[in-house]
Amino acid sequence: MSSVAKTEENTHILSIDIGGTSIKACILTEDGDLFSEYTKLPTPKNSTPEAVLKVIHELVTPLAPYSKVAIGFPGYVKCGIVETAPNLAKNRWAGFPLAQEVSDLLQKPVRLINDADQQALGIISGKGFEIVLTLGTGFGTALTFDGELLPHLELSHLPVTKNKDYDDYVGDKAYVKEGKKDWNERVERVIQIYKTVFNYDTLYLGGGNAKQIEFELDHNIHIVSNRDGIKGGAKLWAAQEKYHVFTTYPKLNSSNGK
């Protein structure tokens, strides 16, 4: 193998997206182009850290080559540590060092951020105040300004009615229970709240249920697909370490010197 080819391989990024329904992975080039097929496995029903790590290992074993790992996680993470995971196993994730566990498992450096934040990096134009909302198993949010991620806020857990937060109000369970018409009315209400509170320049609507939106959108609101956000893993590694962009390295293993 030539040194040029080897150098190119060494810049590839393994991008992992952990969701409440499925866990997805692919290899990206430094520029965010797909180098491997986009593969996925179901998120285990008993979605404990150990079970999720097992699926990640099974999913990524056939994928190569890559030199670093980007992970989007459905909850609040700080410096590689999971703080919340509302759509995974209850009372099992708080304080779990997921970035370190994956880094040690794969022997590669890892950057771990909220899944909506990672998707946002692949979607945004980089101009002005842009917000990404994901309508999937839950309700994900990401805020950016001039292409830079702002500190993550779990806006999905703000109350929107007396007994519901945004996750309850427009998440997938609400879609199934209330039906498309009522769910659309709820999403439209949420957008009006965001428009008033944030006065964003551009709003992007992603996630699996974004395609169910039937009402007319303002000129600065765009529906995007999960595929649109695929470059997020590469953009995460291009980002400066700041706020929640943090690199975790494998622990030294005395038995093999790695």
# chains A, B, ... in the order shown; residues from 1 in each chain; ligands from 1

$ residues_around --residues "segment 86-90 of chain A" --least-positions-apart "2" --cutoff "8 Å" --atoms "only C-alpha atoms" --output "MDAnalysis selection string"
chainID A and resid 20 46:48 74:75 84 92:93 137:138

$ write_last_selection --atoms "C-alpha atoms" --output "PDB file, in the first residue's frame"
ATOM      1  CA  GLY A  20     -34.172   4.770  20.576  1.00  0.00           C
ATOM      2  CA  ASN A  46     -33.286  -3.867  27.255  1.00  0.00           C
ATOM      3  CA  SER A  47     -31.121  -0.914  26.233  1.00  0.00           C
ATOM      4  CA  THR A  48     -28.613  -0.963  29.087  1.00  0.00           C
ATOM      5  CA  PRO A  74     -30.013  10.406  22.470  1.00  0.00           C
ATOM      6  CA  GLY A  75     -29.581  12.350  25.693  1.00  0.00           C
ATOM      7  CA  THR A  84     -29.425  11.460  30.731  1.00  0.00           C
ATOM      8  CA  ARG A  92     -28.899   2.772  34.035  1.00  0.00           C
ATOM      9  CA  TRP A  93     -27.112   5.496  32.084  1.00  0.00           C
ATOM     10  CA  THR A 137     -38.634   8.433  19.153  1.00  0.00           C
ATOM     11  CA  GLY A 138     -38.295  11.619  21.175  1.00  0.00           C
TER      12      GLY A 138
END

$ select_by_dssp --residues "segment 61-143 of chain A" --states "helix (DSSP H, G or I)" --output "NGL selection string"
:A and (98-106 or 115-123)

$ residues_around --residues "His57 of chain A" --least-positions-apart "2" --cutoff "12 Å" --atoms "only C-alpha atoms" --output "PyMOL selection string"
chain A and resi 16+23-25+40-41+50-55+59-63+101-107

$ closest_residue --among "A:Leu203, A:Leu153, A:Val197, A:Leu14" --to "Phe129 of chain A" --atoms "only C-alpha atoms"
A:Leu203

$ atom_distance --atom1 "atom CA of Pro65 of chain A" --atom2 "atom CA of Ser125 of chain A"
29.0 Å

$ atom_distance --atom1 "atom CA of Pro49 of chain A" --atom2 "atom CA of Gly19 of chain A"
13.0 Å

$ closest_atom_pairs --of "segment 139-202 of chain A" --to "segment 234-248 of chain A" --cutoff "8 Å" --atoms "only C-alpha atoms" --output "CSV"
residue,atom,partner,partner_atom,distance
A:Glu148,CA,A:Ala239,CA,7.8
A:Leu150,CA,A:Tyr243,CA,7.3
A:Pro151,CA,A:Tyr243,CA,5.7
A:His152,CA,A:His244,CA,7.4

$ write_last_selection --atoms "all heavy atoms" --output "PDB file, in the first residue's frame"
ATOM      1  N   GLU A 148     -21.206  27.032  14.513  1.00  0.00           N
ATOM      2  CA  GLU A 148     -20.616  26.489  15.739  1.00  0.00           C
ATOM      3  C   GLU A 148     -21.709  26.004  16.678  1.00  0.00           C
ATOM      4  O   GLU A 148     -22.704  26.696  16.909  1.00  0.00           O
ATOM      5  CB  GLU A 148     -19.780  27.562  16.426  1.00  0.00           C
ATOM      6  CG  GLU A 148     -19.002  27.067  17.618  1.00  0.00           C
ATOM      7  CD  GLU A 148     -18.073  28.136  18.171  1.00  0.00           C
ATOM      8  OE1 GLU A 148     -17.014  28.376  17.583  1.00  0.00           O
ATOM      9  OE2 GLU A 148     -18.432  28.749  19.201  1.00  0.00           O
ATOM     10  N   LEU A 150     -23.647  25.464  19.923  1.00  0.00           N
ATOM     11  CA  LEU A 150     -23.783  26.127  21.215  1.00  0.00           C
ATOM     12  C   LEU A 150     -23.939  25.055  22.291  1.00  0.00           C
ATOM     13  O   LEU A 150     -24.225  23.895  21.986  1.00  0.00           O
ATOM     14  CB  LEU A 150     -24.983  27.067  21.185  1.00  0.00           C
ATOM     15  CG  LEU A 150     -24.913  28.187  20.128  1.00  0.00           C
ATOM     16  CD1 LEU A 150     -26.167  29.045  20.188  1.00  0.00           C
ATOM     17  CD2 LEU A 150     -23.674  29.039  20.320  1.00  0.00           C
ATOM     18  N   PRO A 151     -23.747  25.396  23.559  1.00  0.00           N
ATOM     19  CA  PRO A 151     -23.924  24.384  24.614  1.00  0.00           C
ATOM     20  C   PRO A 151     -25.285  23.716  24.501  1.00  0.00           C
ATOM     21  O   PRO A 151     -26.298  24.377  24.252  1.00  0.00           O
ATOM     22  CB  PRO A 151     -23.801  25.200  25.906  1.00  0.00           C
ATOM     23  CG  PRO A 151     -22.939  26.354  25.529  1.00  0.00           C
ATOM     24  CD  PRO A 151     -23.318  26.694  24.115  1.00  0.00           C
ATOM     25  N   HIS A 152     -25.305  22.398  24.663  1.00  0.00           N
ATOM     26  CA  HIS A 152     -26.546  21.657  24.469  1.00  0.00           C
ATOM     27  C   HIS A 152     -27.545  21.948  25.580  1.00  0.00           C
ATOM     28  O   HIS A 152     -27.193  21.997  26.761  1.00  0.00           O
ATOM     29  CB  HIS A 152     -26.276  20.150  24.423  1.00  0.00           C
ATOM     30  CG  HIS A 152     -27.499  19.369  24.087  1.00  0.00           C
ATOM     31  ND1 HIS A 152     -28.040  19.359  22.816  1.00  0.00           N
ATOM     32  CD2 HIS A 152     -28.329  18.608  24.852  1.00  0.00           C
ATOM     33  CE1 HIS A 152     -29.133  18.608  22.816  1.00  0.00           C
ATOM     34  NE2 HIS A 152     -29.328  18.154  24.044  1.00  0.00           N
TER      35      HIS A 152
END

$ closest_residue --among "A:Ala85, A:Leu135, A:Ile193, A:Ile230" --to "Pro159 of chain A" --atoms "only C-alpha atoms"
A:Ile193

$ atom_distance --atom1 "atom CA of Asp146 of chain A" --atom2 "atom CA of Ile131 of chain A"
11.2 Å

$ select_by_dssp --residues "segment 46-140 of chain A" --states "strand (DSSP E or B)" --output "VMD selection string"
chain A and resid 68 to 73 77 to 78 81 to 82 96 110 to 114 129 to 135 139 to 140

$ closest_residue --among "A:Phe145, A:Phe35, A:Tyr204, A:Phe73" --to "Gly229 of chain A" --atoms "only C-alpha atoms"
A:Tyr204

$ closest_residue --among "A:Trp183, A:Phe215, A:Tyr66, A:Phe198" --to "Lys108 of chain A" --atoms "only C-alpha atoms"
A:Tyr66

$ closest_residue --among "A:Thr39, A:Thr11, A:Gln100, A:Gln212" --to "Ser225 of chain A" --atoms "only C-alpha atoms"
A:Gln212

$ closest_residue --among "A:Arg189, A:His219, A:Arg227, A:Lys127" --to "Gly207 of chain A" --atoms "only C-alpha atoms"
A:Arg227

$ residues_around --residues "Leu205 of chain A" --least-positions-apart "2" --cutoff "12 Å" --atoms "only C-alpha atoms" --output "NGL selection string"
:A and (116 or 119-120 or 123-124 or 130-136 or 139-142 or 187-188 or 190-191 or 202-203 or 207-213 or 217-218 or 220-226 or 228-229)

$ write_last_selection --atoms "N, CA and C atoms" --output "tab-separated table (two decimals), in the first residue's frame"
chain	number	residue	atom	x	y	z
A	116	ALA	N	-28.87	14.94	18.19
A	116	ALA	CA	-29.38	16.06	17.40
A	116	ALA	C	-28.25	17.05	17.09
A	119	GLN	N	-26.26	15.55	14.21
A	119	GLN	CA	-26.99	15.68	12.95
A	119	GLN	C	-26.98	17.13	12.47
A	120	ALA	N	-27.10	18.05	13.41
A	120	ALA	CA	-27.11	19.47	13.05
A	120	ALA	C	-25.84	19.88	12.33
A	123	ILE	N	-26.08	19.35	8.73
A	123	ILE	CA	-27.23	19.95	8.03
A	123	ILE	C	-27.10	21.45	7.83
A	124	ILE	N	-26.63	22.15	8.83
A	124	ILE	CA	-26.69	23.61	8.86
A	124	ILE	C	-25.86	24.26	7.74
A	130	GLU	N	-29.10	29.04	13.76
A	130	GLU	CA	-29.83	27.94	13.15
A	130	GLU	C	-30.18	26.91	14.23
A	131	ILE	N	-31.41	26.38	14.14
A	131	ILE	CA	-31.89	25.38	15.09
A	131	ILE	C	-32.30	24.13	14.32
A	132	VAL	N	-31.95	22.98	14.85
A	132	VAL	CA	-32.39	21.70	14.31
A	132	VAL	C	-33.26	21.01	15.34
A	133	LEU	N	-34.45	20.60	14.93
A	133	LEU	CA	-35.35	19.82	15.77
A	133	LEU	C	-35.52	18.45	15.14
A	134	THR	N	-35.37	17.39	15.92
A	134	THR	CA	-35.58	16.05	15.38
A	134	THR	C	-36.84	15.44	15.98
A	135	LEU	N	-37.70	14.96	15.10
A	135	LEU	CA	-38.97	14.36	15.48
A	135	LEU	C	-38.87	12.86	15.24
A	136	GLY	N	-38.42	12.15	16.27
A	136	GLY	CA	-38.23	10.72	16.16
A	136	GLY	C	-38.86	10.03	17.34
A	139	PHE	N	-37.96	14.00	21.06
A	139	PHE	CA	-37.87	15.32	20.43
A	139	PHE	C	-36.46	15.85	20.71
A	140	GLY	N	-35.63	15.89	19.66
A	140	GLY	CA	-34.25	16.34	19.83
A	140	GLY	C	-34.07	17.78	19.42
A	141	THR	N	-33.11	18.45	20.04
A	141	THR	CA	-32.87	19.86	19.72
A	141	THR	C	-31.37	20.15	19.63
A	142	ALA	N	-31.02	21.05	18.73
A	142	ALA	CA	-29.63	21.51	18.61
A	142	ALA	C	-29.64	22.98	18.21
A	187	VAL	N	-47.20	19.89	16.53
A	187	VAL	CA	-45.90	20.31	15.98
A	187	VAL	C	-45.96	21.77	15.53
A	188	GLU	N	-47.08	22.14	14.92
A	188	GLU	CA	-47.24	23.53	14.48
A	188	GLU	C	-47.21	24.48	15.67
A	190	VAL	N	-45.63	23.91	18.52
A	190	VAL	CA	-44.24	23.92	19.01
A	190	VAL	C	-43.41	24.88	18.16
A	191	ILE	N	-43.57	24.83	16.85
A	191	ILE	CA	-42.81	25.72	15.96
A	191	ILE	C	-43.12	27.18	16.26
A	202	THR	N	-32.85	30.21	10.69
A	202	THR	CA	-33.31	29.03	9.95
A	202	THR	C	-33.62	27.91	10.93
A	203	LEU	N	-34.72	27.18	10.64
A	203	LEU	CA	-35.12	26.04	11.44
A	203	LEU	C	-35.16	24.80	10.53
A	207	GLY	N	-35.49	13.83	11.67
A	207	GLY	CA	-36.03	12.69	12.40
A	207	GLY	C	-37.05	11.94	11.56
A	208	GLY	N	-37.35	10.73	11.97
A	208	GLY	CA	-38.20	9.85	11.18
A	208	GLY	C	-39.60	10.35	10.92
A	209	ASN	N	-40.16	11.18	11.84
A	209	ASN	CA	-41.54	11.65	11.66
A	209	ASN	C	-41.65	13.00	10.96
A	210	ALA	N	-40.52	13.60	10.61
A	210	ALA	CA	-40.58	14.91	9.93
A	210	ALA	C	-41.34	14.79	8.61
A	211	LYS	N	-41.26	13.63	7.99
A	211	LYS	CA	-41.94	13.44	6.69
A	211	LYS	C	-43.47	13.40	6.85
A	212	GLN	N	-43.96	13.33	8.09
A	212	GLN	CA	-45.41	13.30	8.33
A	212	GLN	C	-46.00	14.70	8.44
A	213	ILE	N	-45.18	15.73	8.37
A	213	ILE	CA	-45.67	17.11	8.49
A	213	ILE	C	-46.49	17.49	7.26
A	217	LEU	N	-45.03	25.41	5.72
A	217	LEU	CA	-43.91	25.89	6.51
A	217	LEU	C	-43.44	27.26	6.03
A	218	ASP	N	-42.93	28.07	6.95
A	218	ASP	CA	-42.34	29.35	6.58
A	218	ASP	C	-41.16	29.14	5.64
A	220	ASN	N	-38.18	29.95	5.89
A	220	ASN	CA	-36.91	29.65	6.54
A	220	ASN	C	-36.97	28.38	7.40
A	221	ILE	N	-37.94	27.51	7.09
A	221	ILE	CA	-38.06	26.21	7.76
A	221	ILE	C	-37.93	25.12	6.70
A	222	HIS	N	-37.04	24.16	6.96
A	222	HIS	CA	-36.77	23.12	5.97
A	222	HIS	C	-36.87	21.73	6.60
A	223	ILE	N	-37.51	20.81	5.87
A	223	ILE	CA	-37.53	19.41	6.30
A	223	ILE	C	-36.29	18.72	5.74
A	224	VAL	N	-35.59	17.99	6.61
A	224	VAL	CA	-34.37	17.29	6.19
A	224	VAL	C	-34.49	15.82	6.60
A	225	SER	N	-33.68	14.98	5.96
A	225	SER	CA	-33.69	13.55	6.28
A	225	SER	C	-32.47	13.20	7.12
A	226	ASN	N	-32.50	12.00	7.71
A	226	ASN	CA	-31.33	11.54	8.46
A	226	ASN	C	-30.09	11.49	7.58
A	228	ASP	N	-29.36	13.59	5.30
A	228	ASP	CA	-28.82	14.95	5.18
A	228	ASP	C	-27.82	15.24	6.29
A	229	GLY	N	-28.02	14.61	7.43
A	229	GLY	CA	-27.15	14.88	8.57
A	229	GLY	C	-25.96	13.95	8.68

$ residues_around --residues "Gln118 of chain A" --least-positions-apart "6" --cutoff "7 Å" --atoms "only C-alpha atoms" --output "PyMOL selection string"
chain A and resi 72+232-233+236

$ write_last_selection --atoms "N, CA and C atoms" --output "PDB file, in the first residue's frame"
ATOM      1  N   GLY A  72     -23.240  10.051  18.082  1.00  0.00           N
ATOM      2  CA  GLY A  72     -24.390  10.856  18.479  1.00  0.00           C
ATOM      3  C   GLY A  72     -25.240  10.040  19.430  1.00  0.00           C
ATOM      4  N   GLY A 232     -22.414  14.869   9.744  1.00  0.00           N
ATOM      5  CA  GLY A 232     -22.212  15.388  11.086  1.00  0.00           C
ATOM      6  C   GLY A 232     -21.033  14.777  11.818  1.00  0.00           C
ATOM      7  N   GLY A 233     -20.797  13.477  11.600  1.00  0.00           N
ATOM      8  CA  GLY A 233     -19.678  12.818  12.260  1.00  0.00           C
ATOM      9  C   GLY A 233     -18.340  13.395  11.840  1.00  0.00           C
ATOM     10  N   LEU A 236     -18.022  16.945  13.234  1.00  0.00           N
ATOM     11  CA  LEU A 236     -17.701  16.920  14.661  1.00  0.00           C
ATOM     12  C   LEU A 236     -16.194  16.866  14.864  1.00  0.00           C
TER      13      LEU A 236
END
